[in-house]
>>> print(open('target_15.csv').read())   # CSV, C-alpha atoms
chain,number,residue,atom,x,y,z
A,22,MET,CA,-19.7,-38.5,-32.8
A,23,ASP,CA,-18.6,-35.6,-34.9
A,24,ASP,CA,-21.4,-33.1,-34.4
A,25,GLY,CA,-19.3,-30.0,-35.4
A,26,LEU,CA,-19.0,-28.9,-31.8
A,27,ILE,CA,-15.6,-28.3,-30.3
A,28,GLN,CA,-14.8,-29.4,-26.8
A,29,LEU,CA,-13.9,-26.6,-24.4
A,30,ASP,CA,-10.6,-26.8,-22.7
A,31,PRO,CA,-10.7,-27.0,-18.9
A,32,PRO,CA,-10.4,-23.7,-17.0
A,33,LEU,CA,-6.9,-22.3,-16.2
A,34,THR,CA,-7.8,-22.2,-12.6
A,35,ASP,CA,-10.5,-24.1,-10.6
A,36,VAL,CA,-11.7,-21.1,-8.7
A,37,ALA,CA,-14.3,-18.7,-10.1
A,38,TRP,CA,-13.3,-15.1,-9.7
A,39,SER,CA,-15.0,-13.3,-6.9
A,40,ASP,CA,-14.0,-10.8,-4.4
A,41,ALA,CA,-15.4,-13.2,-1.9
A,42,PHE,CA,-12.5,-15.5,-2.4
A,43,ALA,CA,-9.6,-13.1,-2.0
A,44,GLY,CA,-9.1,-10.2,0.3
A,45,ARG,CA,-7.2,-7.2,-0.8
A,46,SER,CA,-5.7,-4.1,0.8
A,47,LEU,CA,-4.2,-0.9,-0.3
A,48,GLU,CA,-0.8,-0.2,1.3
A,49,THR,CA,0.2,3.5,1.1
A,50,PHE,CA,3.5,5.2,1.8
A,51,PHE,CA,3.5,8.9,2.1
A,52,ILE,CA,6.9,10.3,1.1
A,53,PHE,CA,8.2,13.8,0.7
A,54,LEU,CA,11.5,15.6,0.5
A,55,ARG,CA,13.1,17.4,3.5
A,56,ASP,CA,16.4,19.2,2.8
A,57,GLY,CA,16.7,17.2,-0.4
A,58,SER,CA,16.3,13.7,1.2
A,59,PRO,CA,13.3,11.4,1.0
A,60,ARG,CA,11.4,10.9,4.2
A,61,VAL,CA,8.5,8.6,4.8
A,62,LEU,CA,5.5,9.0,7.0
A,63,ARG,CA,4.5,5.8,8.7
A,64,PRO,CA,1.6,5.1,11.0
A,65,ILE,CA,2.6,5.0,14.7
A,66,HIS,CA,1.0,1.6,15.4
A,67,ALA,CA,1.8,-0.4,12.3
A,68,GLY,CA,4.6,-1.0,9.9
A,69,SER,CA,2.6,0.5,7.0
A,70,LEU,CA,-0.8,1.9,6.4
A,71,LEU,CA,-3.2,-0.7,5.0
A,72,LEU,CA,-6.4,0.8,3.6
A,73,GLY,CA,-9.7,-0.9,2.8
A,74,TRP,CA,-10.3,-1.0,-0.9
A,75,GLY,CA,-13.7,-2.0,-2.1
A,76,PRO,CA,-14.5,-3.2,-5.6
A,77,GLU,CA,-16.5,0.0,-6.2
A,78,SER,CA,-13.5,2.3,-5.7
A,79,GLN,CA,-10.4,3.2,-7.6
A,80,PRO,CA,-7.2,2.7,-5.6
A,81,GLY,CA,-5.7,6.0,-6.7
A,82,THR,CA,-8.8,7.8,-5.4
A,83,VAL,CA,-8.6,5.9,-2.1
A,84,VAL,CA,-5.0,6.9,-1.7
A,85,VAL,CA,-5.6,10.6,-2.4
A,86,GLY,CA,-8.5,10.6,0.0
A,87,ALA,CA,-6.5,9.0,2.7
A,88,ALA,CA,-3.8,11.7,2.2
A,89,ALA,CA,-6.4,14.4,2.7
A,90,ARG,CA,-7.5,12.7,6.0
A,91,TYR,CA,-4.0,13.1,7.3
A,92,GLY,CA,-3.8,16.7,6.2
A,93,LEU,CA,-1.4,15.9,3.4
A,94,SER,CA,-1.3,17.3,-0.1
A,95,PRO,CA,-0.5,14.6,-2.6
A,96,VAL,CA,1.4,15.5,-5.8
A,97,VAL,CA,1.9,12.0,-7.4
A,98,ALA,CA,0.2,8.7,-6.5
A,99,HIS,CA,1.5,5.7,-8.2
A,100,SER,CA,1.2,1.9,-7.7
A,101,THR,CA,4.7,0.4,-7.3
A,102,SER,CA,4.3,-3.3,-6.4
A,103,TRP,CA,2.1,-6.0,-5.1
A,104,ARG,CA,2.5,-9.0,-2.8
A,105,VAL,CA,0.4,-11.6,-1.0
A,106,VAL,CA,0.4,-11.6,2.8
A,107,ASP,CA,-1.7,-14.1,4.7
A,108,ASP,CA,-3.9,-14.9,1.8
A,109,ARG,CA,-4.4,-11.2,1.2
A,110,LEU,CA,-3.4,-9.3,-1.9
A,111,ILE,CA,-1.7,-6.1,-1.0
A,112,LEU,CA,-1.3,-3.4,-3.7
A,113,THR,CA,1.3,-0.8,-2.7
A,114,TYR,CA,1.0,2.8,-3.6
A,115,LEU,CA,3.6,5.5,-3.2
A,116,ALA,CA,2.1,8.9,-2.6
A,117,VAL,CA,4.5,11.8,-2.9
A,118,VAL,CA,3.2,14.6,-0.8
A,119,GLU,CA,4.2,18.2,-0.2
A,120,LEU,CA,6.2,19.0,2.9
A,121,PRO,CA,3.7,18.5,5.7
A,122,ARG,CA,2.9,21.8,7.5
A,123,ARG,CA,1.3,20.2,10.5
A,124,PRO,CA,2.2,16.6,10.9
A,125,SER,CA,-0.6,14.2,11.9
A,126,PRO,CA,-0.2,12.8,15.4
A,127,HIS,CA,-1.0,9.4,13.9
A,128,LEU,CA,2.0,9.4,11.6
A,129,VAL,CA,5.7,9.4,12.4
A,130,GLU,CA,8.4,10.9,10.1
A,131,GLN,CA,11.3,8.6,9.3
A,132,PRO,CA,14.3,8.7,7.0
A,133,VAL,CA,14.2,6.3,4.1
A,134,LEU,CA,16.8,3.6,4.7
A,135,ARG,CA,18.5,2.0,1.7
A,136,GLY,CA,18.6,-1.8,1.4
A,137,ALA,CA,18.6,-4.7,-1.0
A,138,LEU,CA,15.4,-5.9,-2.7
A,139,ALA,CA,13.7,-9.1,-1.8
A,140,ARG,CA,14.5,-11.7,-4.4
A,141,GLY,CA,12.4,-14.7,-5.4
A,142,GLY,CA,12.9,-17.5,-7.8
A,143,ALA,CA,12.4,-17.3,-11.6
A,144,LEU,CA,8.8,-18.5,-11.1
A,145,ALA,CA,8.1,-17.5,-7.6
A,146,ALA,CA,7.8,-14.4,-5.5
A,147,PRO,CA,10.2,-13.9,-2.6
A,148,SER,CA,9.2,-15.9,0.5
A,149,ASP,CA,9.6,-12.9,2.8
A,150,ILE,CA,9.2,-9.2,2.0
A,151,GLN,CA,9.8,-6.6,4.7
A,152,VAL,CA,8.3,-3.2,4.6
A,153,ASP,CA,11.6,-1.4,4.1
A,154,THR,CA,12.2,-3.6,1.1
A,155,VAL,CA,8.9,-2.5,-0.3
A,156,ILE,CA,9.9,1.2,0.1
A,157,GLU,CA,13.2,0.6,-1.6
A,158,HIS,CA,11.5,-1.0,-4.5
A,159,ALA,CA,9.0,1.8,-4.7
A,160,LEU,CA,11.6,4.5,-4.8
A,161,ARG,CA,13.5,2.7,-7.5
A,162,HIS,CA,10.2,2.5,-9.4
A,163,LEU,CA,9.7,6.3,-8.9
A,164,ARG,CA,13.2,6.9,-10.2
A,165,TRP,CA,12.3,5.0,-13.3
A,166,LEU,CA,9.1,7.0,-13.7
A,167,LEU,CA,11.1,10.2,-13.4
A,168,ALA,CA,13.2,9.0,-16.4
A,169,ASP,CA,10.3,7.7,-18.4
A,170,ASP,CA,7.2,9.6,-17.5
A,171,GLU,CA,6.9,13.3,-18.5
A,172,VAL,CA,4.0,13.9,-16.2
A,173,VAL,CA,5.8,12.6,-13.2
A,174,ARG,CA,9.0,14.4,-14.1
A,175,GLN,CA,7.1,17.7,-14.3
A,176,ALA,CA,5.2,17.1,-11.1
A,177,LEU,CA,8.4,16.3,-9.2
A,178,PRO,CA,11.2,18.6,-10.4
A,179,ASP,CA,13.3,18.2,-7.2
A,180,TRP,CA,13.2,14.5,-7.0
A,181,ALA,CA,15.6,13.5,-9.8
A,182,SER,CA,18.6,14.6,-7.8
A,183,ALA,CA,17.2,13.2,-4.6
A,184,LEU,CA,16.9,9.7,-6.1
A,185,GLU,CA,20.1,9.9,-8.1
A,186,ASP,CA,21.5,6.8,-6.3
A,187,TYR,CA,18.3,4.7,-6.9
A,188,GLN,CA,19.1,2.5,-9.8
A,189,PRO,CA,15.8,1.7,-11.6
A,190,GLU,CA,15.3,-2.1,-11.3
A,191,PRO,CA,14.5,-2.8,-15.0
A,192,PHE,CA,17.8,-1.4,-16.2
A,193,ARG,CA,19.7,-3.1,-13.4
A,194,ALA,CA,18.3,-6.4,-14.6
A,195,PHE,CA,19.5,-5.8,-18.2
A,196,GLY,CA,23.1,-5.9,-16.9
A,197,ALA,CA,22.8,-9.0,-14.9
A,198,GLU,CA,24.6,-12.2,-15.6
A,199,PRO,CA,22.3,-14.7,-17.3
B,20,MET,CA,-16.5,-10.2,8.5
B,21,LYS,CA,-15.7,-6.6,9.3
B,22,GLU,CA,-12.5,-4.7,9.3
B,23,VAL,CA,-11.5,-1.4,11.0
B,24,THR,CA,-8.4,0.6,10.4
B,25,CYS,CA,-7.4,3.2,12.9
B,26,MET,CA,-5.8,6.5,11.8
B,27,CYS,CA,-2.7,5.2,13.6
B,28,GLY,CA,-2.4,2.2,11.3
B,29,TRP,CA,-3.7,-0.4,13.8
B,30,GLN,CA,-6.1,-2.7,12.2
B,31,CYS,CA,-8.5,-5.5,13.3
B,32,ARG,CA,-10.8,-8.0,11.6
B,33,GLY,CA,-13.5,-10.2,12.8
B,34,THR,CA,-17.2,-10.5,13.4
B,35,GLU,CA,-19.2,-7.4,14.4
B,36,ASP,CA,-18.9,-8.2,18.1
B,37,GLU,CA,-15.2,-9.0,17.9
B,38,VAL,CA,-14.4,-5.8,16.0
B,39,VAL,CA,-16.4,-3.7,18.4
B,40,THR,CA,-14.6,-5.2,21.4
B,41,LEU,CA,-11.2,-4.9,19.8
B,42,VAL,CA,-11.7,-1.3,18.7
B,43,GLN,CA,-13.0,-0.2,22.1
B,44,GLU,CA,-9.9,-1.8,23.8
B,45,HIS,CA,-7.5,-0.2,21.3
B,46,GLY,CA,-9.2,3.2,21.7
B,47,ARG,CA,-8.9,3.1,25.5
B,48,GLN,CA,-5.4,1.8,25.6
B,49,ALA,CA,-3.7,3.6,22.7
B,50,HIS,CA,-5.7,6.8,22.4
B,51,GLY,CA,-7.7,7.2,25.6
B,52,VAL,CA,-11.0,7.5,23.8
B,53,GLU,CA,-14.3,5.7,24.2
B,54,SER,CA,-16.3,4.6,21.2
B,55,THR,CA,-19.8,3.3,21.0
B,56,ARG,CA,-20.8,0.2,19.0
B,57,GLU,CA,-22.6,2.4,16.5
B,58,GLU,CA,-19.6,4.6,16.0
B,59,ILE,CA,-17.4,1.6,15.4
B,60,LEU,CA,-19.7,-0.1,13.0
B,61,ALA,CA,-20.2,3.1,11.0
B,62,ILE,CA,-16.5,3.1,10.1
B,63,ALA,CA,-16.1,-0.7,9.7
B,64,VAL,CA,-15.9,-2.1,6.2
B,65,GLU,CA,-17.1,-5.4,5.0
B,66,VAL,CA,-14.3,-7.8,4.0
B,67,PRO,CA,-14.2,-11.4,2.7
>>> encode(input="target_15.csv", output="structure tokens")
Amino acid sequence: MDDGLIQLDPPLTDVAWSDAFAGRSLETFFIFLRDGSPRVLRPIHAGSLLLGWGPESQPGTVVVGAAARYGLSPVVAHSTSWRVVDDRLILTYLAVVELPRRPSPHLVEQPVLRGALARGGALAAPSDIQVDTVIEHALRHLRWLLADDEVVRQALPDWASALEDYQPEPFRAFGAEP
Amino acid sequence: MKEVTCMCGWQCRGTEDEVVTLVQEHGRQAHGVESTREEILAIAVEVP
């Protein structure tokens, strides 16, 4: 019967959105320059710092607040990637901080190690992503921001030379074989 | 379900009773501190 009504298409997914269905965490890496080289502060009892992130809070605000708890002074906080681990969505933030005056006993300073990125398929994320890979990606992202974002460039005048060897990933992809 | 993240990065998740037990064990073993149930639940966050 043609009653003038159109039939709704079925939903794109069969799960209604709700924060009750998917957990999420905010992963934060505090980085800074020491003698011109990037260093990372990592928690002493975990590979990375995973923060609770409720639906009522903005992730950038959570990151800046966490930095203060560790006595750190953030200069730039920027999200750089996401991934799913054990049914949990993890949003990664890079927080560039000033050189720590009194390091927190809960954090350990480490050099940033270079490495390859984790690669997935054309339609799928990498099956395994290590924390060092996440940091590598984050610093390439920061290098791209330094070239593209005036606010970040002005906030981090010493970082362009420090990240000179970090090829921003979007530009690298442009030169790849099809 | 509750979750607690220690300043050192250690994290646990579970029921209230499980989280209290885990945090108390972690506090003793890793940091040499004692925590009450009330102190632990005050810093625990609700997670799915």
>>> residues_around(input="target_15.csv", residues="stretch 42-50 of chain B", least_positions_apart="5", cutoff="12 Å", atoms="all atoms listed in the file", output="PyMOL selection string")
(chain A and resi 65-66+126-127) or (chain B and resi 21-37+55-60+62-63)
>>> interface_residues(input="target_15.csv", of="chain A", to="chain B", cutoff="9 Å", atoms="all atoms listed in the file", output="count of residues only")
23
>>> atom_distance(input="target_15.csv", atom1="atom CA of A:Thr154", atom2="atom CA of A:Ser78")
27.2 Å
>>> atom_distance(input="target_15.csv", atom1="atom CA of A:Leu138", atom2="atom CA of A:Leu166")
18.1 Å
>>> atom_distance(input="target_15.csv", atom1="atom CA of A:Val85", atom2="atom CA of A:Val118")
9.8 Å
>>> residues_around(input="target_15.csv", residues="A:Val97", least_positions_apart="3", cutoff="12 Å", atoms="all atoms listed in the file", output="PyMOL selection string")
chain A and resi 50-53+81-82+84-85+88+93-94+100-101+114-119+163+166-167+170+172-178+180
>>> closest_residue(input="target_15.csv", among="A:Val61, A:Leu184, A:Leu47, A:Leu26", to="A:Asp153", atoms="all atoms listed in the file")
A:Val61
>>> closest_residue(input="target_15.csv", among="A:Gly136, A:Gly25, A:Pro147, A:Pro80", to="A:Glu48", atoms="only C-alpha atoms")
A:Pro80
